[in-house]
>>> print(open('target-v3.csv').read())   # CSV, N, CA and C atoms
chain,number,residue,atom,x,y,z
J,1044,MET,N,9.2,14.7,17.7
J,1044,MET,CA,8.2,14.0,18.6
J,1044,MET,C,9.0,12.8,19.2
J,1045,LYS,N,8.7,12.5,20.4
J,1045,LYS,CA,9.3,11.4,21.0
J,1045,LYS,C,8.5,10.1,20.6
J,1046,ILE,N,9.2,9.0,20.6
J,1046,ILE,CA,8.6,7.8,20.1
J,1046,ILE,C,7.4,7.4,21.0
J,1047,ASN,N,7.5,7.5,22.3
J,1047,ASN,CA,6.3,7.1,23.1
J,1047,ASN,C,5.1,8.0,22.8
J,1048,ASP,N,5.3,9.3,22.5
J,1048,ASP,CA,4.2,10.1,22.1
J,1048,ASP,C,3.6,9.7,20.8
J,1049,ALA,N,4.4,9.3,19.9
J,1049,ALA,CA,3.9,8.9,18.6
J,1049,ALA,C,3.1,7.6,18.7
J,1050,ILE,N,3.6,6.6,19.5
J,1050,ILE,CA,2.9,5.4,19.7
J,1050,ILE,C,1.6,5.6,20.4
J,1051,THR,N,1.6,6.5,21.4
J,1051,THR,CA,0.3,6.8,22.0
J,1051,THR,C,-0.7,7.5,21.1
J,1052,GLN,N,-0.2,8.4,20.3
J,1052,GLN,CA,-1.1,9.0,19.3
J,1052,GLN,C,-1.6,8.0,18.3
J,1053,ARG,N,-0.8,7.1,17.9
J,1053,ARG,CA,-1.2,6.1,16.9
J,1053,ARG,C,-2.3,5.2,17.5
J,1054,ILE,N,-2.1,4.8,18.7
J,1054,ILE,CA,-3.1,3.9,19.4
J,1054,ILE,C,-4.4,4.7,19.5
J,1055,LEU,N,-4.4,5.9,19.9
J,1055,LEU,CA,-5.6,6.7,20.0
J,1055,LEU,C,-6.3,6.9,18.7
J,1056,GLN,N,-5.4,7.1,17.6
J,1056,GLN,CA,-6.0,7.2,16.3
J,1056,GLN,C,-6.7,6.0,15.8
J,1057,PHE,N,-6.1,4.8,16.0
J,1057,PHE,CA,-6.8,3.6,15.7
J,1057,PHE,C,-8.1,3.4,16.5
J,1058,CYS,N,-8.0,3.7,17.8
J,1058,CYS,CA,-9.2,3.5,18.7
J,1058,CYS,C,-10.3,4.5,18.2
J,1059,ASN,N,-10.0,5.7,17.8
J,1059,ASN,CA,-11.0,6.6,17.4
J,1059,ASN,C,-11.6,6.2,16.0
J,1060,GLU,N,-10.8,5.7,15.1
J,1060,GLU,CA,-11.3,5.2,13.8
J,1060,GLU,C,-12.2,4.0,14.0
J,1061,ARG,N,-11.9,3.2,15.0
J,1061,ARG,CA,-12.7,2.0,15.1
J,1061,ARG,C,-13.7,2.0,16.3
J,1062,SER,N,-13.9,3.2,16.8
J,1062,SER,CA,-14.8,3.4,17.9
J,1062,SER,C,-14.6,2.5,19.1
J,1063,LEU,N,-13.3,2.3,19.4
J,1063,LEU,CA,-12.9,1.4,20.5
J,1063,LEU,C,-12.4,2.2,21.7
J,1064,SER,N,-12.8,1.8,22.9
J,1064,SER,CA,-12.3,2.4,24.1
J,1064,SER,C,-10.9,1.7,24.4
J,1065,ILE,N,-10.2,2.4,25.2
J,1065,ILE,CA,-8.9,1.9,25.6
J,1065,ILE,C,-9.1,0.5,26.3
J,1066,ASN,N,-10.1,0.5,27.1
J,1066,ASN,CA,-10.3,-0.8,27.9
J,1066,ASN,C,-10.7,-1.9,26.9
J,1067,LYS,N,-11.5,-1.6,25.9
J,1067,LYS,CA,-11.9,-2.7,24.9
J,1067,LYS,C,-10.6,-3.1,24.1
J,1068,LEU,N,-9.8,-2.2,23.8
J,1068,LEU,CA,-8.6,-2.5,23.1
J,1068,LEU,C,-7.7,-3.4,23.9
J,1069,ALA,N,-7.6,-3.1,25.2
J,1069,ALA,CA,-6.8,-3.9,26.1
J,1069,ALA,C,-7.3,-5.3,26.2
J,1070,THR,N,-8.6,-5.5,26.2
J,1070,THR,CA,-9.2,-6.8,26.2
J,1070,THR,C,-8.9,-7.6,24.9
J,1071,LEU,N,-9.0,-6.9,23.8
J,1071,LEU,CA,-8.7,-7.5,22.5
J,1071,LEU,C,-7.3,-7.8,22.3
J,1072,SER,N,-6.4,-7.1,23.0
J,1072,SER,CA,-5.0,-7.2,22.9
J,1072,SER,C,-4.4,-8.2,23.9
J,1073,MET,N,-5.2,-8.7,24.8
J,1073,MET,CA,-4.8,-9.6,25.9
J,1073,MET,C,-3.8,-8.9,26.8
J,1074,LEU,N,-4.0,-7.6,27.0
J,1074,LEU,CA,-3.2,-6.8,27.9
J,1074,LEU,C,-4.1,-6.4,29.1
J,1075,THR,N,-3.5,-6.1,30.2
J,1075,THR,CA,-4.3,-5.6,31.3
J,1075,THR,C,-4.7,-4.2,31.0
J,1076,GLN,N,-5.8,-3.8,31.5
J,1076,GLN,CA,-6.3,-2.4,31.3
J,1076,GLN,C,-5.3,-1.4,31.8
J,1077,SER,N,-4.7,-1.7,33.0
J,1077,SER,CA,-3.7,-0.8,33.6
J,1077,SER,C,-2.5,-0.7,32.7
J,1078,THR,N,-2.0,-1.7,32.0
J,1078,THR,CA,-0.9,-1.6,31.1
J,1078,THR,C,-1.2,-0.7,30.0
J,1079,LEU,N,-2.3,-0.9,29.3
J,1079,LEU,CA,-2.6,0.0,28.2
J,1079,LEU,C,-2.9,1.4,28.7
J,1080,ASN,N,-3.6,1.6,29.8
J,1080,ASN,CA,-3.8,2.9,30.3
J,1080,ASN,C,-2.5,3.6,30.6
J,1081,ASN,N,-1.6,2.9,31.2
J,1081,ASN,CA,-0.3,3.5,31.5
J,1081,ASN,C,0.5,3.9,30.2
J,1082,VAL,N,0.3,3.2,29.2
J,1082,VAL,CA,0.9,3.6,27.9
J,1082,VAL,C,0.3,4.8,27.4
J,1083,VAL,N,-1.0,4.8,27.3
J,1083,VAL,CA,-1.8,6.0,26.8
J,1083,VAL,C,-1.7,7.2,27.6
J,1084,ASN,N,-1.6,7.1,28.9
J,1084,ASN,CA,-1.5,8.2,29.8
J,1084,ASN,C,0.0,8.6,30.0
J,1085,LYS,N,0.9,7.9,29.3
J,1085,LYS,CA,2.3,8.2,29.3
J,1085,LYS,C,3.0,8.0,30.6
J,1086,TYR,N,2.5,7.1,31.4
J,1086,TYR,CA,3.2,6.7,32.7
J,1086,TYR,C,4.3,5.7,32.4
J,1087,THR,N,4.2,5.0,31.3
J,1087,THR,CA,5.2,4.1,30.9
J,1087,THR,C,6.2,4.8,30.0
J,1088,LYS,N,7.4,4.8,30.5
J,1088,LYS,CA,8.5,5.6,29.8
J,1088,LYS,C,9.2,4.7,28.7
J,1089,ASP,N,9.1,3.4,28.9
J,1089,ASP,CA,9.8,2.5,28.0
J,1089,ASP,C,8.8,1.4,27.5
J,1090,ILE,N,8.1,1.7,26.4
J,1090,ILE,CA,7.1,0.8,25.8
J,1090,ILE,C,7.8,-0.4,25.2
J,1091,LYS,N,7.4,-1.5,25.6
J,1091,LYS,CA,8.0,-2.7,25.0
J,1091,LYS,C,7.4,-3.1,23.6
J,1092,LEU,N,8.3,-3.6,22.8
J,1092,LEU,CA,7.8,-4.0,21.5
J,1092,LEU,C,6.7,-5.1,21.6
J,1093,LEU,N,6.8,-6.0,22.5
J,1093,LEU,CA,5.8,-7.0,22.7
J,1093,LEU,C,4.4,-6.4,23.0
J,1094,THR,N,4.4,-5.3,23.7
J,1094,THR,CA,3.2,-4.5,24.0
J,1094,THR,C,2.6,-4.0,22.7
J,1095,VAL,N,3.4,-3.4,21.9
J,1095,VAL,CA,2.9,-2.9,20.6
J,1095,VAL,C,2.5,-4.1,19.7
J,1096,VAL,N,3.2,-5.2,19.7
J,1096,VAL,CA,2.8,-6.4,18.9
J,1096,VAL,C,1.4,-6.8,19.4
J,1097,ARG,N,1.1,-6.9,20.7
J,1097,ARG,CA,-0.2,-7.3,21.2
J,1097,ARG,C,-1.3,-6.3,20.8
J,1098,ILE,N,-0.9,-5.0,20.8
J,1098,ILE,CA,-1.9,-4.0,20.4
J,1098,ILE,C,-2.3,-4.2,18.9
J,1099,CYS,N,-1.3,-4.5,18.1
J,1099,CYS,CA,-1.5,-4.8,16.7
J,1099,CYS,C,-2.4,-6.0,16.5
J,1100,GLU,N,-2.1,-7.0,17.3
J,1100,GLU,CA,-3.0,-8.2,17.2
J,1100,GLU,C,-4.4,-7.9,17.6
J,1101,GLY,N,-4.6,-7.1,18.6
J,1101,GLY,CA,-5.9,-6.7,19.0
J,1101,GLY,C,-6.6,-5.9,18.0
J,1102,LEU,N,-5.9,-5.0,17.3
J,1102,LEU,CA,-6.4,-4.2,16.2
J,1102,LEU,C,-6.5,-5.0,14.9
J,1103,GLN,N,-5.9,-6.2,14.8
J,1103,GLN,CA,-5.9,-7.0,13.6
J,1103,GLN,C,-5.1,-6.3,12.5
J,1104,ILE,N,-4.0,-5.7,12.8
J,1104,ILE,CA,-3.1,-5.1,11.9
J,1104,ILE,C,-1.7,-5.6,12.0
J,1105,SER,N,-0.9,-5.3,11.0
J,1105,SER,CA,0.5,-5.7,11.1
J,1105,SER,C,1.3,-4.6,11.8
J,1106,LEU,N,2.5,-4.9,12.3
J,1106,LEU,CA,3.4,-3.9,12.8
J,1106,LEU,C,3.7,-2.8,11.8
J,1107,SER,N,3.9,-3.3,10.6
J,1107,SER,CA,4.3,-2.3,9.5
J,1107,SER,C,3.1,-1.3,9.3
J,1108,GLU,N,1.9,-1.8,9.4
J,1108,GLU,CA,0.7,-0.9,9.3
J,1108,GLU,C,0.6,0.1,10.5
J,1109,PHE,N,0.9,-0.4,11.7
J,1109,PHE,CA,0.9,0.5,12.9
J,1109,PHE,C,1.9,1.6,12.7
J,1110,PHE,N,3.1,1.3,12.2
J,1110,PHE,CA,4.2,2.3,12.1
J,1110,PHE,C,4.2,3.0,10.8
J,1111,ASP,N,3.2,2.7,9.9
J,1111,ASP,CA,3.1,3.4,8.7
J,1111,ASP,C,2.3,4.7,8.9
J,1112,SER,N,3.0,5.7,9.4
J,1112,SER,CA,2.4,7.0,9.7
J,1112,SER,C,3.4,8.1,9.8
J,1113,ASP,N,3.1,9.3,9.4
J,1113,ASP,CA,4.0,10.4,9.4
J,1113,ASP,C,4.4,10.7,10.9
J,1114,LEU,N,3.7,10.2,11.8
J,1114,LEU,CA,4.0,10.4,13.2
J,1114,LEU,C,5.4,9.9,13.6
J,1115,PHE,N,5.8,8.8,12.8
J,1115,PHE,CA,7.1,8.2,13.1
J,1115,PHE,C,8.3,8.7,12.3
J,1116,GLU,N,8.0,9.8,11.6
J,1116,GLU,CA,9.1,10.4,10.8
J,1116,GLU,C,9.7,11.5,11.8
J,1117,ASP,N,11.0,11.6,11.7
J,1117,ASP,CA,11.8,12.6,12.5
J,1117,ASP,C,11.5,12.4,14.0
J,1118,ILE,N,11.6,11.1,14.4
J,1118,ILE,CA,11.4,10.7,15.8
J,1118,ILE,C,12.6,11.1,16.6
J,1119,ASP,N,12.3,11.7,17.8
J,1119,ASP,CA,13.4,11.9,18.8
J,1119,ASP,C,13.5,10.6,19.6
J,1120,LEU,N,14.6,9.9,19.5
J,1120,LEU,CA,14.7,8.6,20.1
J,1120,LEU,C,15.0,8.6,21.6
J,1121,GLU,N,15.2,9.7,22.2
J,1121,GLU,CA,15.4,9.8,23.6
J,1121,GLU,C,14.1,9.7,24.3
J,1122,LEU,N,14.1,9.0,25.4
J,1122,LEU,CA,12.8,8.9,26.2
J,1122,LEU,C,12.7,10.1,27.0
>>> encode(input="target-v3.csv", output="structure tokens")
Amino acid sequence: MKINDAITQRILQFCNERSLSINKLATLSMLTQSTLNNVVNKYTKDIKLLTVVRICEGLQISLSEFFDSDLFEDIDLEL
């Protein structure tokens, strides 16, 4: 799995668990809705770590909690 796909799946997983829309998560994360929509819809090919940090802040979780998933094992690091 490519890292962008894993990040997207993880975001969607947290949103589903917490009954959050992508737009609500964008607001909580202090990101524009278009930025988060571009990540989730895979229009962004190079997701910045700062974006993931802000998503974690919006979810009130740590980076280690975000990346603590089997999704990130055996990652294909090519974009």
>>> select_by_dssp(input="target-v3.csv", residues="chain J", states="alpha helix (DSSP H)", output="NGL selection string")
:J and (1046-1060 or 1065-1071 or 1076-1083 or 1092-1102 or 1106-1110)
>>> atom_distance(input="target-v3.csv", atom1="CA of Arg1061 in chain J", atom2="CA of Gln1076 in chain J")
18.0 Å
>>> closest_residue(input="target-v3.csv", among="J:Phe1115, J:Thr1051, J:Lys1045, J:Glu1108", to="Val1082 in chain J", atoms="all atoms listed in the file")
J:Thr1051
>>> closest_residue(input="target-v3.csv", among="J:Ile1104, J:Thr1075, J:Glu1060, J:Asp1117", to="Ile1046 in chain J", atoms="all atoms listed in the file")
J:Asp1117
>>> atom_distance(input="target-v3.csv", atom1="atom C of Arg1053 in chain J", atom2="atom C of Phe1109 in chain J")
7.3 Å
>>> atom_distance(input="target-v3.csv", atom1="atom C of Gln1052 in chain J", atom2="atom N of Thr1078 in chain J")
16.8 Å
>>> closest_residue(input="target-v3.csv", among="J:Glu1100, J:Asp1048, J:Glu1116, J:Asp1111", to="Lys1085 in chain J", atoms="only N, CA and C atoms")
J:Asp1048
>>> residues_around(input="target-v3.csv", residues="Ser1072 in chain J", least_positions_apart="6", cutoff="7 Å", atoms="all atoms listed in the file", output="PyMOL selection string")
chain J and resi 1097-1102
>>> build_atoms(input="target-v3.csv", residues="range 1050-1065 of chain J", atoms="N, CA, C and O atoms", output="compact mmCIF listing (two decimals), in the frame of the given file")
# COMPACT_ATOMS: atom_id res chain seq x y z
N ILE J 1050 3.60 6.60 19.50
CA ILE J 1050 2.90 5.40 19.70
C ILE J 1050 1.60 5.60 20.40
O ILE J 1050 0.55 5.09 19.95
N THR J 1051 1.60 6.50 21.40
CA THR J 1051 0.30 6.80 22.00
C THR J 1051 -0.70 7.50 21.10
O THR J 1051 -1.85 7.07 21.03
N GLN J 1052 -0.20 8.40 20.30
CA GLN J 1052 -1.10 9.00 19.30
C GLN J 1052 -1.60 8.00 18.30
O GLN J 1052 -2.81 8.10 17.89
N ARG J 1053 -0.80 7.10 17.90
CA ARG J 1053 -1.20 6.10 16.90
C ARG J 1053 -2.30 5.20 17.50
O ARG J 1053 -3.27 4.86 16.83
N ILE J 1054 -2.10 4.80 18.70
CA ILE J 1054 -3.10 3.90 19.40
C ILE J 1054 -4.40 4.70 19.50
O ILE J 1054 -5.47 4.12 19.14
N LEU J 1055 -4.40 5.90 19.90
CA LEU J 1055 -5.60 6.70 20.00
C LEU J 1055 -6.30 6.90 18.70
O LEU J 1055 -7.49 6.91 18.55
N GLN J 1056 -5.40 7.10 17.60
CA GLN J 1056 -6.00 7.20 16.30
C GLN J 1056 -6.70 6.00 15.80
O GLN J 1056 -7.87 6.10 15.34
N PHE J 1057 -6.10 4.80 16.00
CA PHE J 1057 -6.80 3.60 15.70
C PHE J 1057 -8.10 3.40 16.50
O PHE J 1057 -9.12 2.95 15.98
N CYS J 1058 -8.00 3.70 17.80
CA CYS J 1058 -9.20 3.50 18.70
C CYS J 1058 -10.30 4.50 18.20
O CYS J 1058 -11.49 4.04 18.11
N ASN J 1059 -10.00 5.70 17.80
CA ASN J 1059 -11.00 6.60 17.40
C ASN J 1059 -11.60 6.20 16.00
O ASN J 1059 -12.82 6.18 15.88
N GLU J 1060 -10.80 5.70 15.10
CA GLU J 1060 -11.30 5.20 13.80
C GLU J 1060 -12.20 4.00 14.00
O GLU J 1060 -13.13 3.87 13.17
N ARG J 1061 -11.90 3.20 15.00
CA ARG J 1061 -12.70 2.00 15.10
C ARG J 1061 -13.70 2.00 16.30
O ARG J 1061 -14.34 1.04 16.63
N SER J 1062 -13.90 3.20 16.80
CA SER J 1062 -14.80 3.40 17.90
C SER J 1062 -14.60 2.50 19.10
O SER J 1062 -15.47 1.86 19.64
N LEU J 1063 -13.30 2.30 19.40
CA LEU J 1063 -12.90 1.40 20.50
C LEU J 1063 -12.40 2.20 21.70
O LEU J 1063 -11.73 3.19 21.56
N SER J 1064 -12.80 1.80 22.90
CA SER J 1064 -12.30 2.40 24.10
C SER J 1064 -10.90 1.70 24.40
O SER J 1064 -10.62 0.66 23.85
N ILE J 1065 -10.20 2.40 25.20
CA ILE J 1065 -8.90 1.90 25.60
C ILE J 1065 -9.10 0.50 26.30
O ILE J 1065 -8.31 -0.43 26.07
